[in-house]
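See below for work24.txt, which holds compact mmCIF, C-alpha atoms.
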```txt
# COMPACT_ATOMS: atom_id res chain seq x y z
CA MET K 12 -3.21 2.49 -31.01
CA LEU K 13 -6.32 1.51 -29.12
CA GLU K 14 -9.53 0.60 -30.84
CA VAL K 15 -12.88 -0.10 -29.28
CA LYS K 16 -15.66 -1.73 -31.28
CA ASN K 17 -19.32 -2.02 -30.34
CA LEU K 18 -18.75 -1.89 -26.62
CA LEU K 19 -21.79 -2.60 -24.49
CA CYS K 20 -21.90 -2.43 -20.74
CA GLU K 21 -24.80 -3.07 -18.43
CA ARG K 22 -24.76 -2.59 -14.70
CA ASP K 23 -27.55 -3.65 -12.39
CA GLU K 24 -29.83 -4.04 -15.42
CA ARG K 25 -29.16 -0.46 -16.46
CA MET K 26 -27.53 0.15 -19.81
CA LEU K 27 -24.46 2.32 -19.28
CA PHE K 28 -23.51 2.49 -22.92
CA SER K 29 -24.06 0.44 -26.04
CA ASN K 30 -22.65 0.50 -29.55
CA LEU K 31 -19.72 2.49 -28.29
CA SER K 32 -16.95 2.56 -30.89
CA PHE K 33 -13.94 4.81 -30.96
CA SER K 34 -10.23 4.67 -31.48
CA ILE K 35 -7.33 6.51 -29.97
CA LYS K 36 -4.51 7.41 -32.30
CA THR K 37 -0.96 8.41 -31.56
CA GLY K 38 -0.74 11.96 -30.28
CA GLU K 39 -4.36 12.28 -29.25
CA VAL K 40 -6.03 13.42 -26.06
CA VAL K 41 -9.47 11.90 -25.56
CA GLN K 42 -11.69 13.10 -22.78
CA ILE K 43 -14.59 10.94 -21.66
CA GLU K 44 -17.50 13.07 -20.55
CA GLY K 45 -20.77 12.31 -18.89
CA GLN K 46 -22.68 12.96 -15.73
CA ASN K 47 -21.99 11.12 -12.48
CA GLY K 48 -22.84 7.47 -12.85
CA SER K 49 -22.72 7.53 -16.64
CA GLY K 50 -19.99 4.87 -16.71
CA LYS K 51 -16.80 6.86 -17.26
CA THR K 52 -14.83 4.99 -14.65
CA THR K 53 -16.34 1.70 -15.78
CA LEU K 54 -15.23 2.38 -19.34
CA LEU K 55 -11.66 3.13 -18.27
CA ARG K 56 -11.59 0.05 -16.07
CA ILE K 57 -12.83 -2.05 -18.98
CA LEU K 58 -9.97 -0.71 -21.11
CA CYS K 59 -7.49 -1.63 -18.35
CA GLY K 60 -8.89 -5.13 -17.94
CA LEU K 61 -10.12 -4.36 -14.42
CA ASN K 62 -13.73 -4.95 -15.36
CA GLU K 63 -14.89 -7.83 -17.50
CA SER K 64 -18.64 -7.39 -17.51
CA PHE K 65 -18.91 -6.06 -21.03
CA GLU K 66 -19.56 -7.17 -24.58
CA GLY K 67 -17.65 -5.99 -27.59
CA GLU K 68 -14.09 -5.97 -28.79
CA ILE K 69 -11.00 -4.03 -27.80
CA PHE K 70 -7.87 -4.00 -29.93
CA TRP K 71 -4.40 -2.84 -28.97
CA GLN K 72 -2.05 -2.25 -31.92
CA GLN K 73 -4.49 -4.17 -34.15
CA GLN K 74 -4.46 -7.22 -31.88
CA ALA K 75 -7.30 -8.38 -29.64
CA ILE K 76 -6.44 -7.14 -26.20
CA ASP K 77 -6.82 -10.52 -24.49
CA GLU K 78 -4.01 -11.92 -26.61
CA THR K 79 -1.64 -9.09 -26.05
CA ARG K 80 -2.45 -8.27 -22.45
CA ASN K 81 1.14 -8.32 -21.23
CA GLU K 82 2.45 -6.02 -23.98
CA PHE K 83 -0.50 -3.76 -23.35
CA TYR K 84 0.32 -3.50 -19.64
CA LYS K 85 3.90 -2.63 -20.52
CA ASP K 86 2.71 0.16 -22.79
CA MET K 87 0.09 1.74 -20.60
CA LEU K 88 -0.12 3.57 -17.35
CA TYR K 89 -3.30 3.67 -15.31
CA VAL K 90 -4.08 6.18 -12.60
CA GLY K 91 -7.39 5.34 -10.99
CA HIS K 92 -9.65 6.91 -8.41
CA LEU K 93 -7.62 5.15 -5.77
CA SER K 94 -4.11 6.46 -6.00
CA GLY K 95 -2.31 3.27 -5.00
CA VAL K 96 -0.28 5.31 -2.51
CA LYS K 97 0.44 3.60 0.80
CA SER K 98 -0.03 6.08 3.60
CA THR K 99 2.53 4.46 5.90
CA LEU K 100 5.26 4.60 3.26
CA THR K 101 7.11 7.77 2.30
CA ALA K 102 6.65 9.41 -1.08
CA GLU K 103 10.02 8.07 -2.16
CA GLU K 104 9.22 4.50 -1.09
CA ASN K 105 5.87 4.67 -2.84
CA LEU K 106 7.47 5.71 -6.10
CA ALA K 107 10.22 3.10 -5.74
CA TRP K 108 7.48 0.45 -5.48
CA MET K 109 5.68 1.82 -8.53
CA GLN K 110 8.96 1.49 -10.42
CA GLN K 111 9.18 -2.13 -9.34
CA LEU K 112 5.66 -2.72 -10.64
CA ASP K 113 6.41 -1.10 -13.96
CA PRO K 114 9.98 -1.61 -15.15
CA ALA K 115 9.35 0.87 -17.95
CA LEU K 116 9.37 3.70 -15.44
CA ASP K 117 12.60 5.66 -15.48
CA LYS K 118 15.01 4.32 -12.90
CA VAL K 119 17.02 7.37 -12.04
CA SER K 120 14.89 10.30 -11.25
CA ILE K 121 12.48 9.72 -8.36
CA ALA K 122 13.85 12.82 -6.66
CA GLN K 123 13.38 14.78 -9.89
CA ALA K 124 9.78 13.56 -10.31
CA LEU K 125 8.90 14.49 -6.74
CA LYS K 126 10.41 17.91 -7.29
CA SER K 127 8.32 18.30 -10.44
CA VAL K 128 5.09 17.65 -8.55
CA GLY K 129 6.10 20.14 -5.88
CA LEU K 130 6.96 17.68 -3.15
CA TYR K 131 10.55 18.74 -2.74
CA GLY K 132 11.38 18.37 0.94
CA PHE K 133 8.55 15.88 1.53
CA GLU K 134 10.37 12.83 0.09
CA ASP K 135 10.93 11.06 3.38
CA VAL K 136 7.89 11.80 5.48
CA PRO K 137 5.14 9.16 5.66
CA CYS K 138 2.33 9.95 3.25
CA TYR K 139 -0.34 10.04 5.99
CA THR K 140 1.15 13.33 7.15
CA LEU K 141 0.58 14.85 3.68
CA SER K 142 -2.64 16.57 2.62
CA ALA K 143 -5.08 14.93 0.22
CA GLY K 144 -3.77 17.01 -2.67
CA GLN K 145 -0.18 16.16 -1.83
CA GLN K 146 -1.01 12.44 -1.68
CA ARG K 147 -2.62 12.77 -5.08
CA ARG K 148 0.60 14.39 -6.30
CA VAL K 149 2.60 11.41 -5.08
CA GLY K 150 0.43 9.15 -7.24
CA LEU K 151 0.75 11.50 -10.21
CA ALA K 152 4.54 11.77 -9.89
CA ARG K 153 4.54 8.51 -11.85
CA LEU K 154 3.51 10.46 -14.92
CA TYR K 155 6.85 12.26 -14.86
CA LEU K 156 8.68 8.93 -14.80
CA SER K 157 6.55 7.08 -17.30
CA ARG K 158 7.65 6.15 -20.79
CA ALA K 159 4.41 4.27 -21.51
CA PRO K 160 2.75 5.54 -24.72
CA LEU K 161 -0.83 5.27 -23.46
CA TRP K 162 -2.00 6.99 -20.30
CA ILE K 163 -5.38 6.11 -18.86
CA LEU K 164 -6.26 8.65 -16.20
CA ASP K 165 -9.41 8.60 -14.11
CA GLU K 166 -10.12 12.01 -12.59
CA PRO K 167 -6.43 12.82 -12.26
CA PHE K 168 -7.01 16.40 -11.15
CA THR K 169 -9.12 15.67 -8.08
CA ALA K 170 -7.85 17.59 -5.04
CA LEU K 171 -5.15 19.39 -7.04
CA ASP K 172 -4.82 23.16 -6.86
CA LYS K 173 -5.01 25.36 -9.98
CA LYS K 174 -1.26 25.52 -10.42
CA GLY K 175 -1.01 21.76 -10.08
CA VAL K 176 -3.68 21.25 -12.75
CA ALA K 177 -1.92 23.63 -15.13
CA GLU K 178 1.36 21.76 -14.60
CA LYS K 179 -0.33 18.43 -15.34
CA GLU K 180 -1.91 19.86 -18.47
CA ALA K 181 1.51 21.00 -19.64
CA LEU K 182 2.80 17.51 -18.91
CA LEU K 183 -0.01 15.96 -20.98
CA ALA K 184 0.90 18.31 -23.85
CA GLU K 185 4.53 17.21 -23.65
CA HIS K 186 3.55 13.55 -23.54
CA VAL K 187 1.35 13.94 -26.61
CA LEU K 188 4.08 15.84 -28.40
CA GLN K 189 6.42 12.88 -27.88
CA GLY K 190 3.94 10.58 -29.59
CA GLY K 191 1.96 9.42 -26.61
CA SER K 192 -1.80 9.40 -26.17
CA VAL K 193 -4.04 10.08 -23.25
CA ILE K 194 -7.55 8.98 -22.42
CA LEU K 195 -8.97 10.60 -19.33
CA THR K 196 -12.05 11.61 -17.44
CA THR K 197 -12.29 14.91 -15.66
CA HIS K 198 -14.94 17.41 -14.72
CA HIS K 199 -12.40 20.15 -15.10
CA ASP K 200 -12.42 22.21 -18.35
CA LEU K 201 -9.44 20.55 -19.91
CA ASP K 202 -7.03 22.79 -21.74
CA VAL K 203 -3.98 21.02 -23.11
CA PRO K 204 -1.71 23.75 -24.49
CA GLY K 205 -1.27 23.43 -28.25
CA HIS K 206 -3.51 20.40 -28.68
CA SER K 207 -7.15 19.87 -29.30
CA VAL K 208 -9.02 17.53 -27.02
CA ARG K 209 -11.45 15.04 -28.55
CA ARG K 210 -14.51 14.56 -26.39
CA ILE K 211 -16.67 11.48 -26.14
CA ASN K 212 -19.89 12.03 -24.27
CA LEU K 213 -21.28 8.87 -22.70
CA ASP K 214 -24.71 10.41 -22.08
CA GLU K 215 -25.18 10.85 -25.81
CA VAL K 216 -23.88 7.37 -26.57
CA ALA K 217 -26.29 5.82 -24.09
CA HIS K 218 -29.34 7.51 -25.59
CA SER K 219 -28.48 7.02 -29.26
CA MET U 23 13.46 -12.06 -8.88
CA SER U 24 14.40 -8.57 -7.71
CA PHE U 25 10.70 -7.76 -7.98
CA PHE U 26 9.87 -10.64 -5.63
CA TRP U 27 12.30 -9.48 -2.96
CA ALA U 28 11.24 -5.87 -3.37
CA ALA U 29 7.65 -6.96 -2.77
CA VAL U 30 8.63 -8.95 0.34
CA GLN U 31 10.66 -6.03 1.62
CA ARG U 32 7.79 -3.61 1.06
CA ASP U 33 5.37 -5.76 3.04
CA LEU U 34 7.82 -6.23 5.88
CA VAL U 35 8.45 -2.47 6.05
CA LEU U 36 4.69 -1.91 6.10
CA ALA U 37 4.28 -4.43 8.92
CA LEU U 38 7.10 -2.84 10.92
CA ARG U 39 5.47 0.57 10.57
CA ARG U 40 2.16 -0.82 11.79
CA ARG U 41 3.32 -2.91 14.70
CA SER U 42 -0.15 -4.12 15.63
CA ASP U 43 -0.01 -6.45 12.60
CA ILE U 44 2.90 -8.26 14.18
CA VAL U 45 1.95 -7.98 17.83
CA ASN U 46 -1.73 -9.01 17.57
CA PRO U 47 -1.25 -12.65 16.52
CA LEU U 48 1.61 -13.11 18.99
CA ALA U 49 -0.37 -11.57 21.86
CA PHE U 50 -3.32 -13.80 21.01
CA PHE U 51 -1.05 -16.86 20.95
CA LEU U 52 0.42 -15.98 24.34
CA MET U 53 -2.94 -15.16 25.91
CA VAL U 54 -4.38 -18.56 25.07
CA ALA U 55 -1.46 -20.22 26.81
CA VAL U 56 -1.92 -17.98 29.85
CA MET U 57 -5.71 -18.35 30.06
CA PHE U 58 -6.01 -22.06 29.39
CA PRO U 59 -4.47 -23.31 32.67
CA LEU U 60 -6.47 -20.70 34.60
CA ALA U 61 -9.71 -21.86 33.05
CA VAL U 62 -9.20 -25.62 33.02
CA SER U 63 -6.61 -26.92 35.43
CA PRO U 64 -3.11 -25.83 36.41
CA GLU U 65 -2.04 -29.42 37.08
CA SER U 66 1.21 -30.12 35.24
CA LYS U 67 0.35 -33.70 34.30
CA PHE U 68 -2.90 -32.68 32.66
CA LEU U 69 -1.36 -29.66 30.93
CA SER U 70 1.54 -31.62 29.46
CA GLN U 71 -0.99 -34.00 27.93
CA VAL U 72 -3.10 -31.33 26.24
CA ALA U 73 -0.24 -28.91 25.42
CA PRO U 74 0.35 -30.11 21.81
CA GLY U 75 -3.28 -29.60 20.87
CA VAL U 76 -3.70 -26.32 22.71
CA ILE U 77 -0.56 -24.76 21.24
CA TRP U 78 -1.43 -25.87 17.73
CA VAL U 79 -5.02 -24.65 17.95
CA ALA U 80 -3.80 -21.31 19.29
CA ALA U 81 -1.24 -20.98 16.48
CA LEU U 82 -3.85 -21.88 13.89
CA LEU U 83 -6.35 -19.33 15.18
CA ALA U 84 -3.63 -16.67 15.40
CA CYS U 85 -2.82 -17.28 11.73
CA LEU U 86 -6.51 -17.16 10.83
CA LEU U 87 -6.87 -13.88 12.73
CA SER U 88 -4.20 -12.17 10.69
CA ALA U 89 -5.08 -13.80 7.33
CA ASP U 90 -7.99 -11.43 6.72
CA GLY U 91 -5.62 -8.49 6.41
CA ILE U 92 -3.26 -9.96 3.79
CA PHE U 93 -4.82 -8.08 0.87
CA ARG U 94 -7.18 -5.70 2.70
CA SER U 95 -5.11 -2.51 2.75
CA ASP U 96 -3.80 -3.05 -0.77
CA PHE U 97 -7.37 -3.40 -1.97
CA ASP U 98 -8.54 -0.30 -0.12
CA ASP U 99 -5.84 2.06 -1.37
CA GLY U 100 -5.66 0.86 -4.97
CA SER U 101 -2.29 -0.91 -4.77
CA LEU U 102 -3.99 -4.13 -5.79
CA GLU U 103 -5.40 -2.56 -8.96
CA GLN U 104 -1.96 -1.28 -9.84
CA LEU U 105 -0.57 -4.77 -9.30
CA LEU U 106 -3.13 -6.24 -11.69
CA VAL U 107 -2.41 -3.74 -14.46
CA SER U 108 1.35 -4.07 -14.10
CA PRO U 109 3.36 -6.28 -16.44
CA GLN U 110 4.89 -8.10 -13.46
CA PRO U 111 3.66 -11.68 -12.94
CA LEU U 112 0.84 -11.74 -10.40
CA ILE U 113 1.89 -15.16 -9.07
CA LEU U 114 5.25 -13.78 -7.91
CA ALA U 115 3.57 -10.86 -6.17
CA VAL U 116 1.15 -13.26 -4.50
CA LEU U 117 3.98 -15.51 -3.31
CA ALA U 118 5.80 -12.48 -1.91
CA LYS U 119 2.67 -11.45 0.00
CA VAL U 120 2.25 -14.92 1.45
CA LEU U 121 5.92 -15.15 2.40
CA SER U 122 5.86 -11.85 4.23
CA HIS U 123 2.63 -12.79 5.96
CA TRP U 124 4.24 -16.02 7.07
CA ILE U 125 7.32 -14.21 8.38
CA ILE U 126 5.25 -11.89 10.55
CA SER U 127 2.81 -14.57 11.70
CA GLY U 128 3.86 -18.22 11.42
CA PHE U 129 7.59 -17.74 11.71
CA CYS U 130 7.30 -15.50 14.78
CA LEU U 131 4.80 -17.94 16.33
CA ALA U 132 7.24 -20.80 15.81
CA LEU U 133 10.01 -18.79 17.46
CA MET U 134 7.76 -18.02 20.41
CA SER U 135 6.34 -21.52 20.80
CA PRO U 136 9.08 -22.92 23.13
CA LEU U 137 7.97 -20.35 25.70
CA LEU U 138 4.39 -21.60 25.52
CA ALA U 139 5.61 -25.17 25.60
CA MET U 140 7.34 -24.50 28.93
CA MET U 141 4.30 -22.69 30.32
CA LEU U 142 2.18 -25.73 29.52
CA PHE U 143 4.75 -28.28 30.78
CA LEU U 144 5.32 -29.89 27.41
CA PRO U 145 8.10 -32.51 27.85
CA SER U 146 11.36 -31.13 26.53
CA GLU U 147 11.58 -33.82 23.81
CA GLY U 148 8.42 -32.34 22.35
CA ILE U 149 9.76 -28.81 21.99
CA TRP U 150 11.83 -29.50 18.89
CA ALA U 151 8.92 -31.36 17.37
CA LEU U 152 6.73 -28.35 18.13
CA VAL U 153 9.07 -25.83 16.51
CA ALA U 154 9.69 -28.05 13.49
CA SER U 155 5.98 -28.78 12.99
CA LEU U 156 5.09 -25.10 13.25
CA LEU U 157 7.85 -24.10 10.83
CA LEU U 158 6.59 -26.67 8.30
CA GLY U 159 2.88 -26.29 8.96
CA THR U 160 2.30 -22.55 9.25
CA PRO U 161 3.40 -21.69 5.67
CA THR U 162 0.55 -23.94 4.51
CA LEU U 163 -1.80 -22.04 6.82
CA SER U 164 -0.63 -18.73 5.29
CA LEU U 165 -1.17 -20.06 1.76
CA PHE U 166 -4.69 -21.31 2.55
CA GLY U 167 -5.43 -18.12 4.46
CA ALA U 168 -4.43 -16.04 1.46
CA ILE U 169 -6.93 -17.93 -0.72
CA GLY U 170 -9.70 -16.99 1.68
CA ALA U 171 -8.45 -13.43 1.99
CA ALA U 172 -8.29 -13.03 -1.79
CA LEU U 173 -11.82 -14.37 -2.21
CA THR U 174 -13.34 -12.13 0.46
CA VAL U 175 -11.31 -8.95 0.02
CA GLY U 176 -13.91 -7.40 -2.27
CA LEU U 177 -16.72 -7.96 0.22
CA ARG U 178 -17.33 -5.31 2.81
CA LYS U 179 -17.95 -7.83 5.57
CA GLY U 180 -15.77 -10.79 4.77
CA GLY U 181 -14.66 -11.47 8.33
CA ILE U 182 -16.78 -14.50 9.15
CA LEU U 183 -16.89 -15.84 5.64
CA ILE U 184 -13.13 -16.23 5.51
CA SER U 185 -13.18 -18.45 8.63
CA LEU U 186 -15.89 -20.63 7.13
CA LEU U 187 -13.99 -20.90 3.86
CA ILE U 188 -10.59 -21.82 5.13
CA LEU U 189 -11.06 -23.59 8.47
CA PRO U 190 -11.87 -26.89 6.71
CA LEU U 191 -8.61 -26.54 4.79
CA TYR U 192 -6.71 -25.97 8.04
CA ILE U 193 -7.90 -29.19 9.64
CA PRO U 194 -5.40 -31.62 8.02
CA VAL U 195 -2.55 -29.32 8.99
CA LEU U 196 -3.87 -29.19 12.55
CA ILE U 197 -4.17 -32.96 12.81
CA PHE U 198 -0.68 -33.69 11.52
CA GLY U 199 0.84 -30.73 13.35
CA ALA U 200 -0.54 -31.65 16.74
CA GLY U 201 0.23 -35.31 15.96
CA THR U 202 3.89 -34.43 15.41
CA VAL U 203 4.15 -32.79 18.79
CA GLN U 204 2.33 -35.59 20.58
CA ALA U 205 4.63 -38.18 19.03
CA GLY U 206 7.67 -36.04 19.83
CA ALA U 207 6.59 -35.58 23.44
CA MET U 208 6.29 -39.34 23.86
CA GLY U 209 9.72 -39.87 22.35
CA LEU U 210 8.41 -41.50 19.17
CA PRO U 211 9.93 -40.78 15.73
CA ILE U 212 8.39 -37.74 14.09
CA ALA U 213 9.90 -37.99 10.61
CA GLY U 214 6.71 -39.47 9.17
CA TYR U 215 4.54 -36.65 10.48
CA LEU U 216 7.00 -34.02 9.28
CA ALA U 217 7.03 -35.65 5.85
CA LEU U 218 3.25 -35.38 5.71
CA LEU U 219 3.37 -31.71 6.75
CA GLY U 220 6.04 -31.15 4.12
CA ALA U 221 3.92 -32.86 1.48
CA LEU U 222 0.97 -30.62 2.38
CA LEU U 223 3.23 -27.61 2.08
CA VAL U 224 4.55 -28.64 -1.34
CA ILE U 225 1.07 -29.30 -2.70
CA SER U 226 -0.30 -26.02 -1.38
CA LEU U 227 2.76 -24.13 -2.60
CA MET U 228 2.11 -25.45 -6.10
CA LEU U 229 -1.64 -24.93 -6.24
CA ALA U 230 -2.53 -22.13 -3.84
CA PRO U 231 -0.75 -19.27 -5.68
CA ILE U 232 -2.78 -20.02 -8.81
CA ALA U 233 -5.99 -20.02 -6.78
CA ILE U 234 -5.01 -16.82 -4.96
CA ALA U 235 -4.17 -14.99 -8.19
CA ALA U 236 -7.45 -16.09 -9.79
CA ALA U 237 -9.43 -15.10 -6.69
CA LEU U 238 -7.78 -11.67 -6.60
CA LYS U 239 -8.73 -11.07 -10.22
CA ILE U 240 -12.33 -12.02 -9.47
CA SER U 241 -12.42 -9.77 -6.40
CA VAL U 242 -11.05 -6.71 -8.18
CA ARG U 243 -12.99 -7.16 -11.42
CA GLY U 244 -16.25 -8.08 -9.73
```
Write the structure described by the file as C-alpha cells, please.
Amino acid sequence: MLEVKNLLCERDERMLFSNLSFSIKTGEVVQIEGQNGSGKTTLLRILCGLNESFEGEIFWQQQAIDETRNEFYKDMLYVGHLSGVKSTLTAEENLAWMQQLDPALDKVSIAQALKSVGLYGFEDVPCYTLSAGQQRRVGLARLYLSRAPLWILDEPFTALDKKGVAEKEALLAEHVLQGGSVILTTHHDLDVPGHSVRRINLDEVAHS
Amino acid sequence: MSFFWAAVQRDLVLALRRRSDIVNPLAFFLMVAVMFPLAVSPESKFLSQVAPGVIWVAALLACLLSADGIFRSDFDDGSLEQLLVSPQPLILAVLAKVLSHWIISGFCLALMSPLLAMMLFLPSEGIWALVASLLLGTPTLSLFGAIGAALTVGLRKGGILISLLILPLYIPVLIFGAGTVQAGAMGLPIAGYLALLGALLVISLMLAPIAIAAALKISVRG
C-alpha cells in the first residue's frame, strides 16, 4: 500500500535517518522503534504530509503521494501526539466533528464507539472534566468508527490503562484481519493477538 | 456545504462555551467610547466631530485583539493537524473559521455601534452609515486578521508580530470606513464609500482564503 524509498531527514543539522526504505503491505502491523528524539514522530508526520523537510520518495498505491494526496487522506487515519480533542466540547460533539472531517467514518455509531472505549455515561460532559486517559480515549474512539485502510498512530497508548491497551491491541488485530494496515510508534511492548509485528528501528537506520 | 456549516456551528458553540472570546472585544470597544470623552473633552460638538474616527479605530483594534486567537486553540490541541490531513477542502474550513470569527467580533461590534454613536453624539444621520460601514468593513478585517493569525500561530510569541503584519492591511478599510461615517454624518451620499468597502471585501474574500490556507500549511509543517 505505502512505499517509502530512500527517505532522508535532517533536523537542526543532525541526521535523523537516511536511506530509509520500507513498504507497508495490506494486513501488516509496522512498529517504528527508536530512542527519544530518534525521529519516530517526524517520520510519521512526513508520511502524513505534515512535515515537508525531507528528501526521498513516498508512494501510495504505486502513485507518488503528492499526486494522490486527496485519495490518500481519504484512506488514512492519523492519530498524533495531540489528540485533536477540544476540551470545551463533549465527547459526542468531538466525535461528531471528527466525522465531519472524515466522511469515511461511520455515521451511525458514535454512541457505540464511545461505549467501546469505556466512556459510556460520559458522552455529554465537557472533555475538560475527563482525566487525561479518558481524553485520550475520546481521540481513539475514532478508530472504532474508521473504515480507512491505513492507520498511522503516534504513541496511541499514552495515558491508557492496561485494559485499555489490551482492547486497542485487539482492535488493531481486527483491523488487520479486515485487510487494513497499521504503522505506529509506541514504547509499550506491542502484542497484537494473532499477528506478528514488523519492527523498524530508526537508531539502526541512522547509523548504517 | 454541510461541512462548512458544521464548522461554523462548531466554532460558534466553542465561542459560546468560552464567553470571554465574545465579551472581550465588545468590552474593549465600549471602554474606548467611555474613556475617550473623559480623557479628551466631553464637549458634544467636539465629540460629534471625532466620533466616526474614534469608533472605527476602536472597532479595528477590537478585531485585531481577537484575531490572534482564530487558530490558536486549534493549533494547540491538534485540531488543526487533523484538519490538514482530512480530505475536506481546507479553503472551506478556513472560510468557516473566518465567518464565525466575524460573527462573534465584527457583527456584534456593528450591532453595538449605535450605542457608542449616541455616547459620542454622532449625528443620527451618521448612525446608519456607521452600521453599514462596519457590516461591510469588518469581514475584511477578519479575513486579513486570519492571514496574520495563520502566519504566526506556529510561533510561541506571535502577539506583536501579528499587529505589525496586518495593521498596514487594515489601513485602507479604516480610511474608507471612517470616511463613510463622516460623509453620512454630514448628510452626504455614502454609496461611493460603501462600494469601495464592498470592493475591498470582494477582493479579500477571493484572495485571503488562499493565503490563509497556505500560511496554515507553512505553520503546521514548519
Counting all atoms listed in the file, which residues from chain K have an atom at most 7 Å from any atom of chain U, and could you show them as an mmCIF file with C-alpha atoms, in the coordinates of the input?
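Ended up saving to out.cif:
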```cif
data_model
loop_
_atom_site.group_PDB
_atom_site.id
_atom_site.type_symbol
_atom_site.label_atom_id
_atom_site.label_comp_id
_atom_site.auth_asym_id
_atom_site.auth_seq_id
_atom_site.Cartn_x
_atom_site.Cartn_y
_atom_site.Cartn_z
ATOM 1 C CA CYS K 59 -7.490 -1.630 -18.350
ATOM 2 C CA LEU K 61 -10.120 -4.360 -14.420
ATOM 3 C CA ASN K 62 -13.730 -4.950 -15.360
ATOM 4 C CA GLU K 63 -14.890 -7.830 -17.500
ATOM 5 C CA ASN K 81 1.140 -8.320 -21.230
ATOM 6 C CA TYR K 84 0.320 -3.500 -19.640
ATOM 7 C CA LYS K 85 3.900 -2.630 -20.520
ATOM 8 C CA LEU K 93 -7.620 5.150 -5.770
ATOM 9 C CA SER K 94 -4.110 6.460 -6.000
ATOM 10 C CA GLY K 95 -2.310 3.270 -5.000
ATOM 11 C CA VAL K 96 -0.280 5.310 -2.510
ATOM 12 C CA LYS K 97 0.440 3.600 0.800
ATOM 13 C CA THR K 99 2.530 4.460 5.900
ATOM 14 C CA GLN K 111 9.180 -2.130 -9.340
ATOM 15 C CA LEU K 112 5.660 -2.720 -10.640
ATOM 16 C CA ASP K 113 6.410 -1.100 -13.960
#
```
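Separating CA of Val149 in chain K from CA of Leu34 in chain U is a distance of 21.4 Å.
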Please identify all polymer residues within 7 Å of Ser49 in chain K, counting all atoms listed in the file, omitting same-chain residues fewer than 2 positions from it, and present them as number ranges by chain. K: 27, 45-47, 51, 213-214
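For the pair CA of Leu223 in chain U and CA of Thr160 in chain U, the interatomic distance is 8.8 Å.
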List the neighbours of range 173-189 of chain U out to 9 Å using all atoms listed in the file; skip same-chain residues closer than 3 positions along the sequence, and give me the result as a count of residues only. 25
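Here CA of Pro160 in chain K is placed at a distance of 18.0 Å from CA of Ser207 in chain K.
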Could you pull the residues within 12 Å of Val153 in chain U, counting all atoms listed in the file, minus those fewer than 2 positions along the same chain, as a PyMOL selection string? chain U and resi 74+77-78+81+128-139+146-151+155-160+199-200+202-203+206+216
Expected axis-aligned box over every listed atom of range 27-35 of chain K, 8 Å added per side, centre plus edges in Å to one decimal, as JSON:
```
{"center_x": -15.9, "center_y": 3.5, "center_z": -25.4, "size_x": 33.1, "size_y": 22.1, "size_z": 28.2}
```
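The shortest atom-to-atom distance to Tyr89 in chain K, with only C-alpha atoms taken into account, belongs to K:Leu151 out of K:Val216, K:Ile211, K:Val176, K:Leu151.
Excluding Gly91 in chain K itself and any same-chain residue fewer than 6 positions from it, the protein and nucleic acid residues within 9 Å of it, counting all atoms listed in the file, are Thr52, Leu55, Arg56, Ile163, Leu164, Asp165, Glu166 and Pro167 of chain K; Gly100, Glu103 and Gln104 of chain U.
Compared by their closest atoms to Glu178 in chain K, and using all atoms listed in the file, the residues K:Thr79, K:Ser127, K:Asn30, K:Thr53 rank with K:Ser127 nearest.
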List the spatial neighbours of Cys138 in chain K as an NGL selection string - criterion: any atom at most 7 Å away, all atoms listed in the file, same-chain residues fewer than 4 positions off excluded. :K and (98-102 or 146)
Keeping C-alpha atoms, export the residues of the selection given above as a short mmCIF file (atom, residue, chain, number, x, y, z; two decimals), in the frame of the given file.
```cif
data_model
loop_
_atom_site.label_atom_id
_atom_site.label_comp_id
_atom_site.auth_asym_id
_atom_site.auth_seq_id
_atom_site.Cartn_x
_atom_site.Cartn_y
_atom_site.Cartn_z
CA SER K 98 -0.03 6.08 3.60
CA THR K 99 2.53 4.46 5.90
CA LEU K 100 5.26 4.60 3.26
CA THR K 101 7.11 7.77 2.30
CA ALA K 102 6.65 9.41 -1.08
CA GLN K 146 -1.01 12.44 -1.68
#
```
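Here the residues that fall within 12 Å of (-22.9, -1.2, -28.7), using all atoms listed in the file, are given as Val15, Lys16, Asn17, Leu18, Leu19, Cys20, Glu21, Met26, Leu27, Phe28, Ser29, Asn30, Leu31, Ser32, Phe33, Phe65, Glu66, Gly67, Glu68, Leu213, Val216, Ala217, His218 and Ser219 of chain K.
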Ranking K:Asp172, K:Ile76, K:Ala122, K:Val203 by minimum distance to Glu104 in chain K and counting all atoms listed in the file, which one comes first? K:Ala122
Could you check which of U:Leu83, U:Gln31, U:Pro190, U:Leu60 is closest to Ala107 in chain K, using all atoms listed in the file? U:Gln31
